[in-house]
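Presented below is the structure to which this report refers.
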Amino acid sequence: MKASKKEISGSRGAAASTSNGDKWSQSLQSVFELSLQSQGPERTAQLLEKLADQLRTTPRASAGLTTAYANTIPPEQQAAFPGDREIERRIKSLIRWNAMAMVVKANSTTNVGGHIASFASSATLYEVAQNHFFRGATESFPGDIVYFQGHAAPGMYARAFLEGRLDEKQLQNFRQELAEGGGLSSYPHPYLMPEFWQFPTVSMGLGPVMSLYQARFNRYLQARGLVTWKEEPKVWAFLGDGESDEPESLGAITLAARENLDNLIWVVNCNLQRLDGPVRGNGKIIQELEGLFHGAGWNVIKVIWGTEWDELLKRDQTGLLLKRMEECCDGDYQKYIVEPGSYTRKHFFGKYPELLELVTHLTDEQISKLLRGGHDVRKMYAAYKSAMDHKGQPTVVLAKTVKGYGLGEAGEGKNISHQQKKMNEKELREFRKRFDIPLSDDVIADMPFYRPPADSPEMKYLLAQRKKLGGFLPARIVKSAKLDVPTMDGFAEFFKPSKTEISTTTAFGGLLRFLLKQKDFSRYIVPIIPDEARTFGLDVLFREIGIYSSKGQLYEPVDSKTLSYYHEAKDGQILEEGISETGAMSSFIAAGTSYATHGVPMVPFYIYYSMFGPQRVGDLFWLAGDIRAKGFLLGATSGRTTLNGEGLQHQDGHSLLHASTIPTCLPYDPAFSYELAVIIADGLRRMYVENEDVFYYLAVYNENHPMPAMPEGCEDGILKGLYKFKPGAEGKKIKAHIFGSGSIMQSALKAQEILAEKYGVSADVWSATSYKLLRADAIRCQRWNMLHPTQPAQKSYVETLLAKEQGAFVAVSDNIRTVPDQIASWIPGGLFTLGTDGFGRSDTRSRLRRFFGVDVESTVIGTLYALAEKNLIERKVVAQAINDLGMDAEQLQPQLV
Ligand SMILES: Cc1ncc(C[n+]2csc(CCOP(=O)(O)OP(=O)(O)O)c2C)c(N)n1
Ligand SMILES: [Mg+2]
């Protein structure tokens with residue numbers, strides 16, 4: 001197809017102004033070279049910077065953070081591709097086929113879902129890395145750390161199948177993990193496939209942010225001398241362009257530049273589409289991301305065009321091709337994929353007659369096959385090589401691809417591509433043809449998986465490349481390593497009564513400092529704080545163990561003369577994350593999985609403002625379970641009424657419930673120092689000696705009160721979740737039981753006295769350290785009993801413990817009632833619960849506790865009411881108590897709906 005004469009003459013203006021532009025560009029180039037010669041590079045840089053500043057303040061000038069819509073690496077600077085392109089193409093095609101077949105097969109008989117289009121677009125991004133860059137773990141190298149894009153999981157399974165690591169049965173059972181013989185998890189889940197996946201990624205944004213903190217944690221481990229690597233592993237994160245919209249994806253990228261994390265490489269698969277449609281139909285996501293990453297101080301490598309475009313760009317003397325590339329928006333580029341080559345000729349090249357001229361030698365078919373950079377192994381290799389060699393900055397590779405590449409009519413570049421999981425026979429045949437899959441017509445409809453014979457060139461090549469690179473990835477290899485943790489006896493000093501009244505937060509500070517003094521153990525501790533150390537009285541640690549900073553301390557801190565000055569050090573132990581709970585939680589996860597990632601078990605203690613825990617970053621809490629993280633999370637300033645002045649957005653009465661929802665999390669609500677000590681001592685044993693993959697959530701409070709001595713023999717009860725702390729007065733006929741926890745234990749203890757003195761009730765006070773653990777145990781028994789109806793029933797711990805107790809049972813806590821109610825079904829005669837449902841507000845503790853109904857008086861009245869409900873006392877006694885204790889029956893209540 002040729003452009004008409006009229007069209008060519010009509011565009012002279014544009015061409016003329018471009019050649020004018022060329023002259024300017026040449027003049028500037030010679031001034032630049034002259035300046036370099038006479039003034040030197042530094043002075044030239046200053047001059048250019050000055051000019052750039054002027055440009056930035058010129059109305060309508062660009063911010064100067066983006067470059068042309070072209071590949072960052074020009075062809076002449078491209079590292080040569082060292083592989084065998086043809087064999088790699090064949091391997092990749094087989095992986096494409098198996099990945100597609102896995103999803104389509106699963107959906108032919110079930111509705112389990114799956115994705116084809118994401119991996120179809122990123123196959124080359126992974127294959128180049130697998131054949132040439134990702135290094136597996138060896139004796140002397142820890143292995144590169146790779147965050148695989150969640151939706152590309154079928155591609156990773158398909159490769160592992162060729163590698164002989166997964167069998168056909170497993171592929172057959174993709175997303176059917178409960179099927180006979182087991183199956184493959186939908187996405188990367190180390191909890192479900194602990195020998196395969198290392199990092200969960202599918203909740204978008206979490207992979208990217210974790211990778212930043214992982215790369216920084218690798219530096220921390222090195223700086224503290226906990227690892228010595230001859231070669232530093234790279235951290236690779238693969239993400240989608242749509243995923244970049246998540247605040248977690250981009251919100252912390254400046255950290256990587258600030259910390260000079262040249263051990264970090266991000267690859268953004270810019271297929272221009274997300275789930276519903278284009279990522280930036282009216283703009284260009286690659287340019288937007290380039291500007292952002294440049295602004296954040298990253299090295300940016302754009303891989304937009306495949307090799308065939310080099311020739312066209314070279315031949316284009318007018319500059320119009322680049323201009324045309326820049327003026328099209330992503331919506332246009334998507335259309336060029338869906339439409340035939342003739343459309344691209346007409347609408348892309350056809351805008352300028354000179355461009356039509358440029359492609360007259362190409363057929364429409366050839367035009368439609370002009371590749372995007374992310375599908376060209378040579379371009380991707382050059383980009384990765386450059387990223388690997390880059391020093392001083394993290395690198396992001398922005399690779400342009402096509403969503404659903406190769407799916408043709410079934411979903412290439414279409415808005416429905418993401419959801420596509422079925423293909424008809426015709427589409428399967430086309431796919432087979434396009435990728436030369438050696439399967440015959442009569443089997444194609446069955447979509448058999450295909451693995452070439454072991455002695456085929458493909459298999460030999462694939463295995464040889466991985467062998468050269470040290471082994472397979474992904475792979476999660478846990479070398480069991482025990483820590484020399486202090487035993488329970490070692491904590492004896494915390495089992496004694498405190499000399500003064502203290503809070504459980506202060507008690508924790510003491511415990512942490514004690515642990516930091518344990519010779520062979522202390523170096524494995526990672527204290528993590530998001531800008532709140534002073535709130536928790538932990539600022540003393542600044543001087544004692546230092547705050548990690550890759551730069552040391554380049555200034556004299558204003559408080560250098562004080563005892564706990566702000567001490568930053570290259571080998572500092574504290575990770576002071578600033579105001580980023582997401583960052584701090586990512587560090588917790590990096591440290592808590594170090595036992596698996598690096599074979600170095602680290603013990604994170606992440607202490608933070610309770611309200612900004614699971615409510616703020618709950619998805620990362622959930623992920624901590626999936627990734628099998630270990631460590632201690634401390635929700636400080638816990639309790640809706642214990643933290644009093646801060647009000648509605650700060651007062652937390654529900655984190656314990658959130659934490660209870662995470663299967664591998666052990667949530668505790670200790671009331672006393674010794675309970676905290678017992679829980680931490682046992683946690684260290686379970687996680688770092690028994691190697692259990694669990695983590696702890698501990699609620700700690702800021703209210704000072706006496707810390708009693710540990711009663712004899714209560715350790716087991718503390719750990720299981722309930723024990724009798726203080727029996728009620730003897731010689732009283734009426735019996736009750738109050739479960740207290742956290743700071744509100746104080747209400748229970750005072751209520752116990754009043755009940756005995758004024759109302760003749762003997763109330764035992766129990767410390768309920770973990771309702772979730774009690775419930776978990778009860779549920780286990782209940783399910784067993786249900787399924788073994790004719791056998792003697794099992795009895796849970798809580799049922800056994802309370803079996804002989806009489807009277808009424810009451811729970812009181814500084815959390816919503818749902819926390820204690822978790823065990824209500826197993827309490828003899830039911831449980832009456834007092835809690836802090838509703839929004840917090842600022843006031844004194846006593847007024848707040850009266851308002852919510854968890855103060856001493858409310859506890860007394862609640863206990864009497866529970867007794868009256870059981871006809872164990874008369875109702876008028878309750879009314880009398882309301883009167884005696886000055887309770888306003890019509891007082892303001894927390895609003896609940
Ligand atoms: C936090 C979160 N929100 C939503 C989703 C659902 N989701 C799965 S894939 C997807 C689109 C992904 O687009 P993109 O990041 O561009 O990846 P691509 O498949 O195009 O490579 C969405 C919205 C998710 N997995 N995680
Ligand atoms: Mg996308």
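Letters A, B, ... go to the chains of the structure tokens in the order shown; residues in each chain start at 1; ligands are counted from 1 in the same order.
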Dump the neighbourhood of ligand 2 as a PDB file with C-alpha atoms, in the first residue's frame: all residues within 7 Å, distances computed on only C-alpha atoms and all ligand atoms.
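Result written to out_18.pdb:
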ATOM      1  CA  GLY A 240       2.282  -5.951  36.197  1.00  0.00           C
ATOM      2  CA  ASP A 241       1.811  -2.458  34.837  1.00  0.00           C
ATOM      3  CA  GLY A 242      -1.694  -2.423  36.312  1.00  0.00           C
ATOM      4  CA  ASN A 269       5.545  -6.208  32.359  1.00  0.00           C
ATOM      5  CA  CYS A 270       3.970  -3.344  30.421  1.00  0.00           C
ATOM      6  CA  ASN A 271       1.359  -5.181  28.404  1.00  0.00           C
ATOM      7  CA  LEU A 272      -0.711  -1.994  28.660  1.00  0.00           C
ATOM      8  CA  GLN A 273      -3.662  -3.882  30.114  1.00  0.00           C
ATOM      9  CA  ARG A 274      -4.985  -4.795  33.494  1.00  0.00           C
ATOM     10  CA  VAL A 279      -3.924   0.620  32.179  1.00  0.00           C
ATOM     11  CA  LYS A 403      -1.307  -9.249  26.840  1.00  0.00           C
TER      12      LYS A 403
END
Hey, which residues sit close to ligand 1? Say within 10 Å, counting only C-alpha atoms and all ligand atoms, and write them as a VMD selection string. chain A and resid 115 to 122 149 to 152 187 201 to 206 238 to 246 248 268 to 279 401 to 404 417 to 419 619
Have a look at CA of Leu321 (chain A) and CA of Lys414 (chain A) and let me know their distance in Å, one decimal.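 Between CA of Leu321 (chain A) and CA of Lys414 (chain A) the gap is 25.5 Å.
For the choices A:Trp784, A:Tyr157, A:Tyr461, A:Tyr759, the atom-to-atom distance to Arg90 (chain A) is smallest for A:Tyr461 when using only C-alpha atoms.
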DSSP on the backbone, then: every residue of region 110-345 of chain A marked strand (DSSP E), written as an MDAnalysis selection string. chainID A and resid 145:147 235:240 264:270 299:303
Produce a file of the selected residues containing N, CA, C and O atoms, as a compact mmCIF listing (two decimals), in the first residue's frame.
# COMPACT_ATOMS: atom_id res chain seq x y z
N ILE A 145 16.99 -13.86 44.59
CA ILE A 145 15.67 -13.82 45.24
C ILE A 145 14.69 -13.29 44.21
O ILE A 145 14.86 -12.17 43.73
N VAL A 146 13.70 -14.11 43.85
CA VAL A 146 12.83 -13.70 42.75
C VAL A 146 11.36 -13.66 43.20
O VAL A 146 10.83 -14.64 43.69
N TYR A 147 10.76 -12.51 42.99
CA TYR A 147 9.33 -12.35 43.22
C TYR A 147 8.64 -12.52 41.87
O TYR A 147 8.71 -11.64 41.02
N VAL A 235 17.97 -9.21 43.94
CA VAL A 235 16.54 -9.36 44.23
C VAL A 235 15.80 -8.90 42.97
O VAL A 235 15.96 -7.76 42.54
N TRP A 236 15.05 -9.81 42.40
CA TRP A 236 14.28 -9.49 41.19
C TRP A 236 12.79 -9.44 41.56
O TRP A 236 12.30 -10.35 42.22
N ALA A 237 12.11 -8.42 41.09
CA ALA A 237 10.65 -8.41 41.29
C ALA A 237 9.97 -8.18 39.95
O ALA A 237 10.30 -7.23 39.23
N PHE A 238 9.07 -9.09 39.63
CA PHE A 238 8.29 -8.98 38.39
C PHE A 238 6.89 -8.51 38.75
O PHE A 238 6.23 -9.11 39.59
N LEU A 239 6.46 -7.44 38.14
CA LEU A 239 5.12 -6.95 38.44
C LEU A 239 4.39 -6.52 37.18
O LEU A 239 5.01 -6.32 36.14
N GLY A 240 3.08 -6.38 37.33
CA GLY A 240 2.28 -5.95 36.20
C GLY A 240 2.22 -4.44 36.13
O GLY A 240 2.43 -3.75 37.13
N LEU A 264 18.96 -4.68 43.44
CA LEU A 264 17.52 -4.80 43.17
C LEU A 264 17.20 -4.52 41.71
O LEU A 264 17.63 -3.51 41.17
N ILE A 265 16.46 -5.43 41.10
CA ILE A 265 16.01 -5.23 39.70
C ILE A 265 14.51 -5.47 39.64
O ILE A 265 14.03 -6.54 40.02
N TRP A 266 13.80 -4.50 39.18
CA TRP A 266 12.36 -4.68 38.96
C TRP A 266 12.11 -4.82 37.47
O TRP A 266 12.76 -4.13 36.65
N VAL A 267 11.19 -5.69 37.13
CA VAL A 267 10.79 -5.83 35.73
C VAL A 267 9.28 -5.60 35.68
O VAL A 267 8.51 -6.37 36.26
N VAL A 268 8.88 -4.52 35.05
CA VAL A 268 7.45 -4.25 34.94
C VAL A 268 6.98 -4.72 33.57
O VAL A 268 7.48 -4.24 32.53
N ASN A 269 6.08 -5.67 33.60
CA ASN A 269 5.54 -6.21 32.36
C ASN A 269 4.48 -5.24 31.83
O ASN A 269 3.33 -5.29 32.25
N CYS A 270 4.88 -4.38 30.91
CA CYS A 270 3.97 -3.34 30.42
C CYS A 270 3.20 -3.87 29.21
O CYS A 270 3.54 -3.56 28.06
N ASN A 299 17.62 3.79 38.13
CA ASN A 299 18.10 3.60 36.76
C ASN A 299 16.94 2.97 35.98
O ASN A 299 16.39 1.95 36.39
N VAL A 300 16.55 3.61 34.88
CA VAL A 300 15.40 3.12 34.13
C VAL A 300 15.85 2.60 32.77
O VAL A 300 16.56 3.29 32.05
N ILE A 301 15.44 1.38 32.45
CA ILE A 301 15.74 0.82 31.13
C ILE A 301 14.42 0.50 30.44
O ILE A 301 13.67 -0.37 30.90
N LYS A 302 14.15 1.21 29.38
CA LYS A 302 12.91 0.93 28.64
C LYS A 302 13.21 -0.02 27.48
O LYS A 302 14.19 0.17 26.75
N VAL A 303 12.39 -1.03 27.39
CA VAL A 303 12.51 -1.97 26.27
C VAL A 303 11.16 -1.93 25.55
O VAL A 303 10.24 -2.66 25.90
9 Å contact set for region 501-514 of chain A, only C-alpha atoms, chain neighbours under 4 positions out, as number ranges by chain: A: 491, 494, 518, 527, 536-538, 541, 605, 634, 636-637, 670-674, 676-677, 680, 699-707, 742-743
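Checking A:Phe349, A:Tyr865, A:Tyr69, A:Tyr688 one by one against Trp305 (chain A), counting only C-alpha atoms, you find the shortest gap at A:Tyr69.
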Which residue, A:Gln287, A:Ala52, A:Leu226, A:Ala778, has the smallest gap to Pro601 (chain A) when you use only C-alpha atoms? A:Leu226
Region 76-123 of chain A near region 423-430 of chain A within 10 Å: what's each residue's closest atom pair and its distance in Å to one decimal, counting only C-alpha atoms, ordered by chain then ascending residue number, as a Markdown table?
| residue | atom | partner | partner_atom | distance |
| --- | --- | --- | --- | --- |
| A:Trp97 | CA | A:Leu428 | CA | 9.4 |
| A:Met100 | CA | A:Met423 | CA | 9.1 |
| A:Ala101 | CA | A:Leu428 | CA | 9.2 |
| A:Val103 | CA | A:Met423 | CA | 9.9 |
| A:Val104 | CA | A:Met423 | CA | 6.7 |
| A:Lys105 | CA | A:Met423 | CA | 9.5 |
| A:Asn107 | CA | A:Met423 | CA | 9.8 |
| A:Ser108 | CA | A:Met423 | CA | 9.4 |
Shell around Gly136 (chain A) at 7 Å using only C-alpha atoms, local window under 4 positions removed, as an MDAnalysis selection string: chainID A and resid 143:144 469:473
Save the residues we just selected, N, CA, C and O atoms, as a PDB file, in the first residue's frame?
ATOM      1  N   GLY A 143      21.666 -17.805  46.313  1.00  0.00           N
ATOM      2  CA  GLY A 143      20.596 -17.851  45.310  1.00  0.00           C
ATOM      3  C   GLY A 143      19.974 -16.474  45.151  1.00  0.00           C
ATOM      4  O   GLY A 143      19.816 -15.726  46.121  1.00  0.00           O
ATOM      5  N   ASP A 144      19.647 -16.138  43.908  1.00  0.00           N
ATOM      6  CA  ASP A 144      18.940 -14.882  43.685  1.00  0.00           C
ATOM      7  C   ASP A 144      17.540 -15.009  44.266  1.00  0.00           C
ATOM      8  O   ASP A 144      16.987 -16.108  44.386  1.00  0.00           O
ATOM      9  N   LEU A 469      23.816 -22.034  36.042  1.00  0.00           N
ATOM     10  CA  LEU A 469      23.397 -20.936  36.926  1.00  0.00           C
ATOM     11  C   LEU A 469      23.152 -21.405  38.365  1.00  0.00           C
ATOM     12  O   LEU A 469      22.657 -20.648  39.196  1.00  0.00           O
ATOM     13  N   GLY A 470      23.474 -22.618  38.642  1.00  0.00           N
ATOM     14  CA  GLY A 470      23.478 -23.055  40.042  1.00  0.00           C
ATOM     15  C   GLY A 470      22.301 -23.890  40.514  1.00  0.00           C
ATOM     16  O   GLY A 470      22.340 -24.458  41.594  1.00  0.00           O
ATOM     17  N   GLY A 471      21.224 -23.953  39.743  1.00  0.00           N
ATOM     18  CA  GLY A 471      20.077 -24.759  40.192  1.00  0.00           C
ATOM     19  C   GLY A 471      18.776 -24.083  39.836  1.00  0.00           C
ATOM     20  O   GLY A 471      18.753 -23.014  39.234  1.00  0.00           O
ATOM     21  N   PHE A 472      17.691 -24.754  40.214  1.00  0.00           N
ATOM     22  CA  PHE A 472      16.364 -24.300  39.768  1.00  0.00           C
ATOM     23  C   PHE A 472      15.789 -23.169  40.635  1.00  0.00           C
ATOM     24  O   PHE A 472      16.071 -23.081  41.819  1.00  0.00           O
ATOM     25  N   LEU A 473      14.941 -22.404  39.989  1.00  0.00           N
ATOM     26  CA  LEU A 473      14.181 -21.357  40.669  1.00  0.00           C
ATOM     27  C   LEU A 473      12.791 -21.309  40.066  1.00  0.00           C
ATOM     28  O   LEU A 473      12.674 -21.425  38.848  1.00  0.00           O
TER      29      LEU A 473
END
What lies within 12 Å of Pro486 (chain A) using only C-alpha atoms, ignoring chain neighbours under 6 positions off, as an NGL selection string? :A and (492 or 511 or 514-522 or 677-678 or 680-685 or 688-689)
Minimum-distance residue to Ser140 (chain A), chosen among A:His598, A:Lys467, A:Lys314, A:Lys750 (using only C-alpha atoms):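 The closest residue to Ser140 (chain A) is A:His598.
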Can you tell me how far CA of Ile861 (chain A) sits from CA of His737 (chain A), in Å to one decimal? 13.3 Å
What's around region 212-215 of chain A at 8 Å? Count only C-alpha atoms, leave out sequence neighbours fewer than 5 positions away in its own chain, and write the answer as a list of chain:residue names. A:Lys234, A:Val235, A:Ala252, A:Ile253, A:Leu255, A:Ala256, A:Leu261, A:Asn263, A:Leu264, A:Gly583, A:Ser586, A:Ser587, A:Ala590
Gly613 (chain A) surroundings by only C-alpha atoms, 8 Å radius, close-in-sequence under 5 positions cut, as a list of chain:residue names: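 What passes the distance filter is A:Glu581, A:Tyr608, A:Gly618, A:Gly635, A:Ser655.
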